[in-house]
Every structure is written in C-alpha cells, then in structure tokens.
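Participant: I'm passing along my_file22.pdb; it holds PDB, C-alpha atoms, pLDDT in the B column.
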ATOM      1  CA  MET A   7     -15.142  10.251  12.353  1.00 43.00           C
ATOM      2  CA  ALA A   8     -15.663  13.620  10.693  1.00 44.00           C
ATOM      3  CA  ALA A   9     -14.725  13.926   7.056  1.00 49.00           C
ATOM      4  CA  SER A  10     -11.660  16.093   6.454  1.00 80.00           C
ATOM      5  CA  PHE A  11      -9.984  15.703   3.089  1.00 87.00           C
ATOM      6  CA  PRO A  12      -9.268  19.166   1.611  1.00 90.00           C
ATOM      7  CA  ARG A  13      -9.265  19.533  -2.158  1.00 90.00           C
ATOM      8  CA  ARG A  14      -5.718  20.862  -2.152  1.00 92.00           C
ATOM      9  CA  SER A  15      -4.564  17.698  -0.389  1.00 93.00           C
ATOM     10  CA  ILE A  16      -6.127  15.349  -2.915  1.00 95.00           C
ATOM     11  CA  LEU A  17      -4.866  17.444  -5.827  1.00 96.00           C
ATOM     12  CA  LEU A  18      -1.330  17.303  -4.438  1.00 97.00           C
ATOM     13  CA  ILE A  19      -1.595  13.553  -3.897  1.00 97.00           C
ATOM     14  CA  ALA A  20      -2.889  13.116  -7.454  1.00 98.00           C
ATOM     15  CA  LEU A  21      -0.022  15.158  -8.921  1.00 98.00           C
ATOM     16  CA  ILE A  22       2.602  13.220  -6.965  1.00 98.00           C
ATOM     17  CA  ALA A  23       0.999   9.914  -7.934  1.00 98.00           C
ATOM     18  CA  MET A  24       0.973  10.874 -11.612  1.00 98.00           C
ATOM     19  CA  GLY A  25       4.607  11.947 -11.453  1.00 98.00           C
ATOM     20  CA  ILE A  26       5.579   8.622  -9.914  1.00 97.00           C
ATOM     21  CA  ALA A  27       3.528   6.746 -12.517  1.00 97.00           C
ATOM     22  CA  ALA A  28       5.406   8.580 -15.264  1.00 96.00           C
ATOM     23  CA  LEU A  29       8.730   7.338 -13.880  1.00 94.00           C
ATOM     24  CA  LEU A  30       7.719   4.004 -12.343  1.00 92.00           C
ATOM     25  CA  PRO A  31       4.479   2.553 -13.772  1.00 91.00           C
ATOM     26  CA  PHE A  32       4.615  -0.559 -11.601  1.00 91.00           C
ATOM     27  CA  ASP A  33       0.999  -1.545 -11.067  1.00 94.00           C
ATOM     28  CA  GLN A  34      -0.070  -4.495 -13.201  1.00 93.00           C
ATOM     29  CA  GLY A  35      -3.763  -3.751 -12.824  1.00 93.00           C
ATOM     30  CA  LEU A  36      -3.339  -0.270 -14.280  1.00 94.00           C
ATOM     31  CA  ARG A  37      -1.026  -1.674 -16.919  1.00 92.00           C
ATOM     32  CA  LEU A  38      -3.823  -3.993 -18.048  1.00 93.00           C
ATOM     33  CA  LEU A  39      -6.431  -1.217 -17.969  1.00 92.00           C
ATOM     34  CA  SER A  40      -4.202   1.138 -19.942  1.00 94.00           C
ATOM     35  CA  GLY A  41      -3.211  -1.501 -22.467  1.00 92.00           C
ATOM     36  CA  GLY A  42       0.416  -0.718 -21.738  1.00 89.00           C
ATOM     37  CA  ARG A  43       0.068   2.918 -22.865  1.00 93.00           C
ATOM     38  CA  ASP A  44       2.116   5.120 -20.565  1.00 94.00           C
ATOM     39  CA  THR A  45       0.058   8.288 -20.977  1.00 96.00           C
ATOM     40  CA  LEU A  46      -3.186   6.488 -20.173  1.00 96.00           C
ATOM     41  CA  HIS A  47      -1.509   4.798 -17.206  1.00 96.00           C
ATOM     42  CA  ILE A  48      -0.545   8.215 -15.816  1.00 97.00           C
ATOM     43  CA  LEU A  49      -4.040   9.634 -16.363  1.00 97.00           C
ATOM     44  CA  LEU A  50      -5.650   6.630 -14.699  1.00 97.00           C
ATOM     45  CA  MET A  51      -3.382   7.101 -11.709  1.00 97.00           C
ATOM     46  CA  GLY A  52      -4.581  10.679 -11.344  1.00 97.00           C
ATOM     47  CA  LEU A  53      -8.223   9.682 -11.741  1.00 97.00           C
ATOM     48  CA  LEU A  54      -7.919   7.004  -9.062  1.00 98.00           C
ATOM     49  CA  ALA A  55      -6.476   9.551  -6.666  1.00 97.00           C
ATOM     50  CA  LEU A  56      -9.274  12.042  -7.340  1.00 97.00           C
ATOM     51  CA  ALA A  57     -11.895   9.305  -7.021  1.00 97.00           C
ATOM     52  CA  GLY A  58     -10.251   8.233  -3.776  1.00 97.00           C
ATOM     53  CA  GLY A  59     -10.706  11.743  -2.415  1.00 96.00           C
ATOM     54  CA  PHE A  60     -14.394  11.596  -3.337  1.00 96.00           C
ATOM     55  CA  PHE A  61     -14.820   8.245  -1.590  1.00 96.00           C
ATOM     56  CA  ALA A  62     -12.963   9.574   1.458  1.00 96.00           C
ATOM     57  CA  GLN A  63     -15.563  12.304   1.844  1.00 92.00           C
ATOM     58  CA  LYS A  64     -18.373   9.778   1.542  1.00 92.00           C
ATOM     59  CA  ALA A  65     -16.698   7.323   3.929  1.00 93.00           C
ATOM     60  CA  GLY A  66     -15.773   9.867   6.599  1.00 92.00           C
ATOM     61  CA  LEU A  67     -12.057   9.222   6.093  1.00 95.00           C
ATOM     62  CA  THR A  68      -9.451  11.934   6.529  1.00 95.00           C
ATOM     63  CA  SER A  69      -6.128  13.159   5.168  1.00 94.00           C
ATOM     64  CA  VAL A  70      -4.705  13.687   8.659  1.00 93.00           C
ATOM     65  CA  ALA A  71      -0.927  13.387   9.131  1.00 94.00           C
ATOM     66  CA  ASN A  72       0.152  11.902  12.462  1.00 96.00           C
ATOM     67  CA  PHE A  73       3.924  11.699  12.091  1.00 96.00           C
ATOM     68  CA  ARG A  74       4.529  10.004  15.426  1.00 97.00           C
ATOM     69  CA  VAL A  75       2.050   7.207  14.744  1.00 98.00           C
ATOM     70  CA  GLY A  76       3.235   6.804  11.159  1.00 98.00           C
ATOM     71  CA  LEU A  77       6.917   6.581  12.077  1.00 98.00           C
ATOM     72  CA  LEU A  78       6.280   4.183  14.968  1.00 98.00           C
ATOM     73  CA  TRP A  79       4.365   1.838  12.675  1.00 98.00           C
ATOM     74  CA  ALA A  80       7.062   2.190  10.017  1.00 98.00           C
ATOM     75  CA  LEU A  81       9.725   1.156  12.533  1.00 98.00           C
ATOM     76  CA  GLY A  82       7.649  -1.704  13.868  1.00 98.00           C
ATOM     77  CA  MET A  83       6.816  -3.033  10.414  1.00 98.00           C
ATOM     78  CA  ALA A  84      10.467  -2.812   9.342  1.00 97.00           C
ATOM     79  CA  ALA A  85      11.459  -4.931  12.352  1.00 97.00           C
ATOM     80  CA  TYR A  86       8.696  -7.425  11.541  1.00 98.00           C
ATOM     81  CA  VAL A  87       9.805  -7.788   7.904  1.00 97.00           C
ATOM     82  CA  LEU A  88      13.474  -8.197   8.869  1.00 96.00           C
ATOM     83  CA  VAL A  89      12.624 -11.019  11.272  1.00 97.00           C
ATOM     84  CA  LEU A  90      10.253 -12.650   8.774  1.00 97.00           C
ATOM     85  CA  ASP A  91      12.589 -12.458   5.778  1.00 95.00           C
ATOM     86  CA  GLY A  92      15.867 -12.893   7.602  1.00 94.00           C
ATOM     87  CA  VAL A  93      14.948 -15.570  10.132  1.00 94.00           C
ATOM     88  CA  LEU A  94      11.520 -17.165   9.966  1.00 95.00           C
ATOM     89  CA  MET A  95      11.002 -17.563   6.203  1.00 95.00           C
ATOM     90  CA  ARG A  96      14.380 -16.811   4.631  1.00 94.00           C
ATOM     91  CA  PRO A  97      14.120 -19.625   1.996  1.00 93.00           C
ATOM     92  CA  MET A  98      10.912 -18.081   0.641  1.00 94.00           C
ATOM     93  CA  VAL A  99      12.415 -14.694  -0.165  1.00 93.00           C
ATOM     94  CA  PRO A 100      12.530 -14.383  -3.993  1.00 89.00           C
ATOM     95  CA  PRO A 101      16.058 -14.313  -5.497  1.00 90.00           C
ATOM     96  CA  THR A 102      15.187 -11.075  -7.308  1.00 88.00           C
ATOM     97  CA  ILE A 103      14.524  -9.384  -3.963  1.00 89.00           C
ATOM     98  CA  VAL A 104      17.805 -10.679  -2.562  1.00 90.00           C
ATOM     99  CA  ALA A 105      19.687  -9.453  -5.628  1.00 90.00           C
ATOM    100  CA  PHE A 106      18.035  -6.032  -5.484  1.00 89.00           C
ATOM    101  CA  GLY A 107      19.127  -5.809  -1.861  1.00 87.00           C
ATOM    102  CA  HIS A 108      22.673  -5.348  -3.148  1.00 87.00           C
ATOM    103  CA  ALA A 109      21.776  -2.396  -5.389  1.00 91.00           C
ATOM    104  CA  SER A 110      22.672   1.122  -4.271  1.00 93.00           C
ATOM    105  CA  LEU A 111      20.784   2.238  -1.182  1.00 94.00           C
ATOM    106  CA  PRO A 112      19.562   5.564  -2.656  1.00 95.00           C
ATOM    107  CA  GLY A 113      18.178   3.749  -5.702  1.00 94.00           C
ATOM    108  CA  ARG A 114      16.415   1.163  -3.571  1.00 94.00           C
ATOM    109  CA  LEU A 115      14.925   3.797  -1.301  1.00 96.00           C
ATOM    110  CA  ALA A 116      13.644   5.823  -4.241  1.00 95.00           C
ATOM    111  CA  ALA A 117      12.119   2.779  -5.960  1.00 95.00           C
ATOM    112  CA  TYR A 118      10.480   1.242  -2.903  1.00 96.00           C
ATOM    113  CA  MET A 119       9.186   4.494  -1.441  1.00 97.00           C
ATOM    114  CA  ALA A 120       7.754   5.656  -4.778  1.00 97.00           C
ATOM    115  CA  ARG A 121       6.078   2.299  -5.285  1.00 96.00           C
ATOM    116  CA  ALA A 122       4.699   2.322  -1.731  1.00 97.00           C
ATOM    117  CA  PHE A 123       3.246   5.804  -2.222  1.00 98.00           C
ATOM    118  CA  ASN A 124       1.273   4.840  -5.326  1.00 98.00           C
ATOM    119  CA  GLU A 125       0.306   1.487  -3.893  1.00 98.00           C
ATOM    120  CA  SER A 126      -1.403   3.326  -1.047  1.00 98.00           C
ATOM    121  CA  VAL A 127      -3.125   5.665  -3.490  1.00 98.00           C
ATOM    122  CA  ILE A 128      -4.537   2.766  -5.513  1.00 98.00           C
ATOM    123  CA  TYR A 129      -5.339   0.185  -2.851  1.00 98.00           C
ATOM    124  CA  ARG A 130      -5.977   2.351   0.232  1.00 98.00           C
ATOM    125  CA  LEU A 131      -7.170   5.758  -0.954  1.00 98.00           C
ATOM    126  CA  PHE A 132      -9.184   4.454  -3.911  1.00 98.00           C
ATOM    127  CA  LEU A 133     -10.138   0.803  -3.440  1.00 98.00           C
ATOM    128  CA  PHE A 134     -10.326   0.607   0.348  1.00 98.00           C
ATOM    129  CA  GLY A 135     -11.995   4.023   0.463  1.00 97.00           C
ATOM    130  CA  GLU A 136     -14.558   2.886  -2.095  1.00 97.00           C
ATOM    131  CA  LEU A 137     -15.353  -0.243  -0.082  1.00 98.00           C
ATOM    132  CA  VAL A 138     -15.739   1.742   3.132  1.00 97.00           C
ATOM    133  CA  ALA A 139     -17.962   4.310   1.388  1.00 96.00           C
ATOM    134  CA  MET A 140     -20.172   1.563  -0.058  1.00 96.00           C
ATOM    135  CA  CYS A 141     -20.565  -0.157   3.302  1.00 96.00           C
ATOM    136  CA  ARG A 142     -21.371   3.114   5.060  1.00 95.00           C
ATOM    137  CA  ALA A 143     -23.974   3.888   2.393  1.00 95.00           C
ATOM    138  CA  LEU A 144     -25.558   0.487   2.970  1.00 94.00           C
ATOM    139  CA  ARG A 145     -25.618   1.250   6.704  1.00 91.00           C
ATOM    140  CA  SER A 146     -27.159   4.705   6.105  1.00 89.00           C
ATOM    141  CA  GLY A 147     -23.964   6.471   7.130  1.00 81.00           C
ATOM    142  CA  ARG A 148     -23.504   4.700  10.454  1.00 88.00           C
ATOM    143  CA  PRO A 149     -19.899   3.999  11.534  1.00 87.00           C
ATOM    144  CA  LEU A 150     -18.469   0.602  10.656  1.00 94.00           C
ATOM    145  CA  ALA A 151     -17.334  -1.972  13.185  1.00 95.00           C
ATOM    146  CA  PRO A 152     -13.530  -2.346  13.378  1.00 96.00           C
ATOM    147  CA  ALA A 153     -13.782  -6.007  12.343  1.00 97.00           C
ATOM    148  CA  LEU A 154     -15.572  -5.036   9.130  1.00 97.00           C
ATOM    149  CA  VAL A 155     -12.978  -2.353   8.426  1.00 97.00           C
ATOM    150  CA  LEU A 156     -10.227  -4.977   8.731  1.00 98.00           C
ATOM    151  CA  VAL A 157     -12.102  -7.245   6.320  1.00 98.00           C
ATOM    152  CA  LEU A 158     -12.360  -4.399   3.799  1.00 98.00           C
ATOM    153  CA  ALA A 159      -8.661  -3.618   4.189  1.00 98.00           C
ATOM    154  CA  LEU A 160      -7.950  -7.317   3.617  1.00 98.00           C
ATOM    155  CA  LEU A 161     -10.024  -7.399   0.419  1.00 98.00           C
ATOM    156  CA  ALA A 162      -8.280  -4.307  -0.944  1.00 98.00           C
ATOM    157  CA  GLN A 163      -4.827  -5.697  -0.221  1.00 98.00           C
ATOM    158  CA  MET A 164      -5.685  -9.095  -1.690  1.00 97.00           C
ATOM    159  CA  ALA A 165      -6.512  -7.322  -4.958  1.00 97.00           C
ATOM    160  CA  ASN A 166      -3.086  -5.681  -4.793  1.00 97.00           C
ATOM    161  CA  ILE A 167      -1.296  -8.992  -4.290  1.00 96.00           C
ATOM    162  CA  ALA A 168      -3.372 -10.700  -6.977  1.00 95.00           C
ATOM    163  CA  PHE A 169      -2.251  -8.151  -9.576  1.00 94.00           C
ATOM    164  CA  ASN A 170       1.278  -7.376  -8.458  1.00 94.00           C
ATOM    165  CA  VAL A 171       2.526 -10.642  -6.977  1.00 93.00           C
ATOM    166  CA  ALA A 172       0.431 -13.636  -8.065  1.00 90.00           C
ATOM    167  CA  LEU A 173      -0.120 -12.425 -11.634  1.00 87.00           C
ATOM    168  CA  ILE A 174       3.593 -12.129 -12.339  1.00 86.00           C
ATOM    169  CA  GLU A 175       4.684 -15.255 -10.459  1.00 83.00           C
ATOM    170  CA  GLN A 176       6.482 -17.792 -12.630  1.00 79.00           C
ATOM    171  CA  GLY A 177       5.560 -21.438 -12.100  1.00 79.00           C
ATOM    172  CA  SER A 178       3.232 -23.075  -9.598  1.00 84.00           C
ATOM    173  CA  ILE A 179       2.231 -21.460  -6.317  1.00 88.00           C
ATOM    174  CA  SER A 180       2.852 -23.646  -3.267  1.00 93.00           C
ATOM    175  CA  SER A 181       1.087 -23.493   0.077  1.00 94.00           C
ATOM    176  CA  ALA A 182       4.332 -22.269   1.664  1.00 94.00           C
ATOM    177  CA  MET A 183       4.456 -19.443  -0.851  1.00 94.00           C
ATOM    178  CA  LEU A 184       0.856 -18.482  -0.085  1.00 95.00           C
ATOM    179  CA  LEU A 185       1.714 -18.388   3.607  1.00 97.00           C
ATOM    180  CA  TYR A 186       4.731 -16.200   2.914  1.00 97.00           C
ATOM    181  CA  TRP A 187       2.711 -13.819   0.736  1.00 96.00           C
ATOM    182  CA  SER A 188       0.049 -13.591   3.456  1.00 97.00           C
ATOM    183  CA  LEU A 189       2.577 -12.682   6.128  1.00 97.00           C
ATOM    184  CA  ARG A 190       4.896 -10.570   4.004  1.00 97.00           C
ATOM    185  CA  TYR A 191       2.484  -8.668   1.749  1.00 96.00           C
ATOM    186  CA  VAL A 192      -1.129  -9.081   2.847  1.00 97.00           C
ATOM    187  CA  LEU A 193      -0.719  -8.429   6.571  1.00 97.00           C
ATOM    188  CA  PRO A 194       1.199  -5.142   6.146  1.00 97.00           C
ATOM    189  CA  GLY A 195      -1.408  -3.934   3.647  1.00 97.00           C
ATOM    190  CA  VAL A 196      -4.179  -4.614   6.144  1.00 98.00           C
ATOM    191  CA  VAL A 197      -2.243  -2.610   8.739  1.00 98.00           C
ATOM    192  CA  TRP A 198      -1.886   0.308   6.309  1.00 98.00           C
ATOM    193  CA  GLY A 199      -5.625   0.210   5.592  1.00 98.00           C
ATOM    194  CA  TRP A 200      -6.426   0.244   9.294  1.00 97.00           C
ATOM    195  CA  LEU A 201      -4.077   3.201   9.775  1.00 97.00           C
ATOM    196  CA  TYR A 202      -5.931   5.100   7.058  1.00 98.00           C
ATOM    197  CA  TRP A 203      -9.261   4.449   8.726  1.00 97.00           C
ATOM    198  CA  ARG A 204      -7.991   5.229  12.210  1.00 96.00           C
ATOM    199  CA  HIS A 205      -5.362   7.948  11.719  1.00 96.00           C
ATOM    200  CA  GLY A 206      -5.726   9.435   8.230  1.00 96.00           C
ATOM    201  CA  PHE A 207      -4.322   8.866   4.758  1.00 97.00           C
ATOM    202  CA  VAL A 208      -1.122  10.875   5.127  1.00 97.00           C
ATOM    203  CA  THR A 209      -0.346   8.867   8.269  1.00 97.00           C
ATOM    204  CA  THR A 210      -0.642   5.751   6.124  1.00 98.00           C
ATOM    205  CA  GLU A 211       1.714   7.204   3.537  1.00 98.00           C
ATOM    206  CA  ILE A 212       4.230   8.125   6.237  1.00 98.00           C
ATOM    207  CA  ALA A 213       4.152   4.551   7.543  1.00 98.00           C
ATOM    208  CA  SER A 214       4.115   2.659   4.240  1.00 98.00           C
ATOM    209  CA  THR A 215       6.853   4.765   2.622  1.00 98.00           C
ATOM    210  CA  GLY A 216       8.806   5.397   5.816  1.00 97.00           C
ATOM    211  CA  VAL A 217       9.149   1.685   6.555  1.00 98.00           C
ATOM    212  CA  HIS A 218      11.778   1.513   3.825  1.00 97.00           C
ATOM    213  CA  VAL A 219      13.917   4.159   5.513  1.00 96.00           C
ATOM    214  CA  PHE A 220      14.360   1.704   8.390  1.00 96.00           C
ATOM    215  CA  LEU A 221      14.206  -1.489   6.346  1.00 95.00           C
ATOM    216  CA  GLN A 222      16.439  -0.974   3.322  1.00 94.00           C
ATOM    217  CA  PRO A 223      19.688  -0.125   5.153  1.00 93.00           C
ATOM    218  CA  MET A 224      19.412  -3.479   6.952  1.00 93.00           C
ATOM    219  CA  VAL A 225      18.293  -5.694   4.062  1.00 90.00           C
ATOM    220  CA  THR A 226      21.768  -6.468   2.740  1.00 86.00           C
ATOM    221  CA  LEU A 227      22.989  -7.508   6.189  1.00 87.00           C
ATOM    222  CA  VAL A 228      19.955  -9.660   6.932  1.00 89.00           C
ATOM    223  CA  LEU A 229      19.564 -11.401   3.575  1.00 87.00           C
ATOM    224  CA  GLY A 230      23.276 -11.730   2.834  1.00 76.00           C
TER     225      GLY A 230
END
Would you mind writing the file out in structure tokens?
Facilitator:
Amino acid sequence: MAASFPRRSILLIALIAMGIAALLPFDQGLRLLSGGRDTLHILLMGLLALAGGFFAQKAGLTSVANFRVGLLWALGMAAYVLVLDGVLMRPMVPPTIVAFGHASLPGRLAAYMARAFNESVIYRLFLFGELVAMCRALRSGRPLAPALVLVLALLAQMANIAFNVALIEQGSISSAMLLYWSLRYVLPGVVWGWLYWRHGFVTTEIASTGVHVFLQPMVTLVLG
C-alpha cells in the first residue's frame, strides 16, 4: 500500500482533535500523562495526532476517505451493538449508559461522535500506526500479513479499554463483564483498526463516528 497522508490532512486532524480535547478531555491515559492539566492534555492530543501522521508515512497507511465503505460499516456496527446491548447481553449494559440513553439526542450525538473521533486519533492513528510502523521496520518494509495487522489492532484497542473502561470500573470485574467488554468495546475497535489499514484513516473516522448517527436514535427504544 502506497503511503498517502498529506500534511494538510494531519494538521486538520490535529486541530480538530485539540478542539475536541478542549471541550471533552475524556481519555484517562492522557489525563494521567497530563496530570489533569487541561492545557497539557490539549497539547498532548495534538502531538499524538502529528506523531500518528509520521507513523502513517512509515507504515504505508493512508488518509483515504471511502464514504461508502465507512457508512456501510457504521450501519453494520450499529446493528451489531443494538442486538448485543438490547437482546444478547442486556443485563450487562451499565446503568450510566442506559440513563444517558434518555438524554437529548443532539447532546448524545455530539458527545459520542466527538469521543469516537479522538479515540481513533489516539488508538488508531497514533498507537496502531506506531505498532504497524515498528513491525514493518522489523520486516525491512515488507507488507504485513492480515492476521498480524488484526493482532496489532487488538493490542491498540486493549490499551484503550484498559484506560477508559477497566481503569474507571467500580468494584470487581467478573468473567461475564470481560466477555461483554470484549464484544462491545474490543471487537469494534479491532474493526476500526482494520479499516484504517485497509481503507484509510478518514474511512475509519467516518465509520467510528458515523455509527452513532444510526445507533443513538435507536438506543432509547432498545434499552428502555
């Protein structure tokens, strides 16, 4: 895959990510690194985006936007989450998520889509991109096998869940909860990483943010 990540694209992504971080500094890993200082949190967000662009060039990843692929995956993932949360594992859905499902739809869309955008910047553009770049360097620039790419996407998303789900969980963590986290949070993150590798970073952002356009209007009906 030929590298194609223009500077203007990464600068725009960095600026958007910093703006989101100024309004919604959600990530617990960055919160720890910044010591809770908002300005440093914002700067770190920008630096991660810029570093992610550097790793993309080294890894042969692109900033391509495939709207059709992104929207199809967004729709499919929304359907998957609705079935998982509303039918298969309804008792495992946290009460805070259920309660937030009754908040105003515009507010929910803004919060979830902003969070999804920066989550992809941190854990796909930066961390996953870094892992892919390191593995390609070890292989003297040769393309990576799809199975290895999925493993790298899994590692990146597990870091995300460790910081932003497990770290803030109150009480003990049961095996049922681990299963739910794997299906609800880890699996989608692996899909988003694969989309980045296969179809470009903007495609990933379209899918991971766009899923909420399909998901959030149905959450209240499904979760009750």
Participant: Please build the interface table for range 102-212 of chain A against range 62-77 of chain A with a cut-off of 7 Å, listing for each qualifying residue the nearest atom pair and the distance in Å to one decimal; count all atoms listed in the file, order rows by chain and increasing number, and write it as a Markdown table.
Facilitator:
| residue | atom | partner | partner_atom | distance |
| --- | --- | --- | --- | --- |
| A:Gly135 | CA | A:Ala62 | CA | 5.7 |
| A:Val138 | CA | A:Ala65 | CA | 5.7 |
| A:Ala139 | CA | A:Ala65 | CA | 4.1 |
| A:Arg142 | CA | A:Ala65 | CA | 6.4 |
| A:Trp203 | CA | A:Leu67 | CA | 6.1 |
| A:His205 | CA | A:Val70 | CA | 6.5 |
| A:Gly206 | CA | A:Val70 | CA | 4.4 |
| A:Phe207 | CA | A:Ser69 | CA | 4.7 |
| A:Val208 | CA | A:Ala71 | CA | 4.7 |
| A:Thr209 | CA | A:Ala71 | CA | 4.6 |
| A:Thr210 | CA | A:Gly76 | CA | 6.4 |
| A:Ile212 | CA | A:Gly76 | CA | 5.2 |
Participant: Got a sec to resolve the PyMOL selection byres ((chain A and resi 230) around 9) on this structure and send the residues as a PyMOL selection string?
Facilitator: chain A and resi 92+104+107-108+225-229
Participant: Taking the file as shown, find all residues satisfying the PyMOL selection byres ((chain A and resi 80-90) around 6) and write them as a VMD selection string.
Facilitator: chain A and resid 77 to 79 91 to 95 213 216 to 217 221
Participant: Would you compute the distance between CA of Gly58 in chain A and CA of Ser214 in chain A? Give it in Å to one decimal.
Facilitator: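 For CA of Gly58 in chain A relative to CA of Ser214 in chain A, the distance reads 17.4 Å.
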Participant: Name every residue that the PyMOL selection byres ((chain A and resi 16) around 10) selects in this structure, writing the answer as a JSON list (two decimals) with C-alpha atoms, keeping the file's coordinate frame with chains first and numbers rising.
Facilitator:
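Saved file result.json follows:
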[["chain", "number", "residue", "atom", "x", "y", "z"],
["A", 11, "PHE", "CA", -9.98, 15.70, 3.09],
["A", 12, "PRO", "CA", -9.27, 19.17, 1.61],
["A", 13, "ARG", "CA", -9.26, 19.53, -2.16],
["A", 14, "ARG", "CA", -5.72, 20.86, -2.15],
["A", 15, "SER", "CA", -4.56, 17.70, -0.39],
["A", 17, "LEU", "CA", -4.87, 17.44, -5.83],
["A", 18, "LEU", "CA", -1.33, 17.30, -4.44],
["A", 19, "ILE", "CA", -1.60, 13.55, -3.90],
["A", 20, "ALA", "CA", -2.89, 13.12, -7.45],
["A", 21, "LEU", "CA", -0.02, 15.16, -8.92],
["A", 22, "ILE", "CA", 2.60, 13.22, -6.96],
["A", 52, "GLY", "CA", -4.58, 10.68, -11.34],
["A", 55, "ALA", "CA", -6.48, 9.55, -6.67],
["A", 56, "LEU", "CA", -9.27, 12.04, -7.34],
["A", 57, "ALA", "CA", -11.90, 9.30, -7.02],
["A", 58, "GLY", "CA", -10.25, 8.23, -3.78],
["A", 59, "GLY", "CA", -10.71, 11.74, -2.42],
["A", 60, "PHE", "CA", -14.39, 11.60, -3.34],
["A", 62, "ALA", "CA", -12.96, 9.57, 1.46],
["A", 69, "SER", "CA", -6.13, 13.16, 5.17],
["A", 131, "LEU", "CA", -7.17, 5.76, -0.95]]
Participant: Please put the answer as JSON: centre and edge lengths, in Å with one decimal, of a box along x, y and z that encloses all listed atoms of range 140-158 of chain A plus 3 Å on each side.
Facilitator:
{"center_x": -18.7, "center_y": -0.4, "center_z": 6.7, "size_x": 22.9, "size_y": 19.7, "size_z": 19.4}
Participant: Kindly give the distance, in Å, that separates CA of Leu185 in chain A and CA of Asn166 in chain A, rounded to a single decimal.
Facilitator: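 Going from CA of Leu185 in chain A over to CA of Asn166 in chain A, I get 16.0 Å.
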Participant: Return the single residue from A:Val197, A:Ala28, A:Leu189, A:Val127 that is closest to Val155 in chain A, with distances computed using only C-alpha atoms.
Facilitator: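 Smallest distance to Val155 in chain A is found for A:Val197.
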Participant: Any idea what's packed within 12 Å of Ala162 in chain A, counting only C-alpha atoms, ignoring anything in its chain fewer than 2 positions away? Could you give it as a ChimeraX atom specification?
Facilitator: /A:125-138,155-160,164-169,191-200
Participant: Select all residues near (8.5, 6.5, -12.4) (cut-off 10 Å, inclusive, file coordinates), counting only C-alpha atoms, and output them as a list in words.
Facilitator: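 Residues found, by chain and rising number: Ala23, Met24, Gly25, Ile26, Ala27, Ala28, Leu29, Leu30, Pro31, Phe32, Ile48, Ala116, Ala117, Ala120 and Arg121 of chain A.
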Participant: What is the CA of Ile179 in chain A to CA of Arg37 in chain A distance in Å?
Facilitator: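 Atom-to-atom, CA of Ile179 in chain A and CA of Arg37 in chain A are spaced 22.7 Å apart.
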Participant: So which one's closest to Gln34 in chain A, A:Arg190, A:His218, A:His47, A:Arg148? Using only C-alpha atoms, please.
Facilitator: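 Comparing A:Arg190, A:His218, A:His47, A:Arg148 against Gln34 in chain A, the winner is A:His47.
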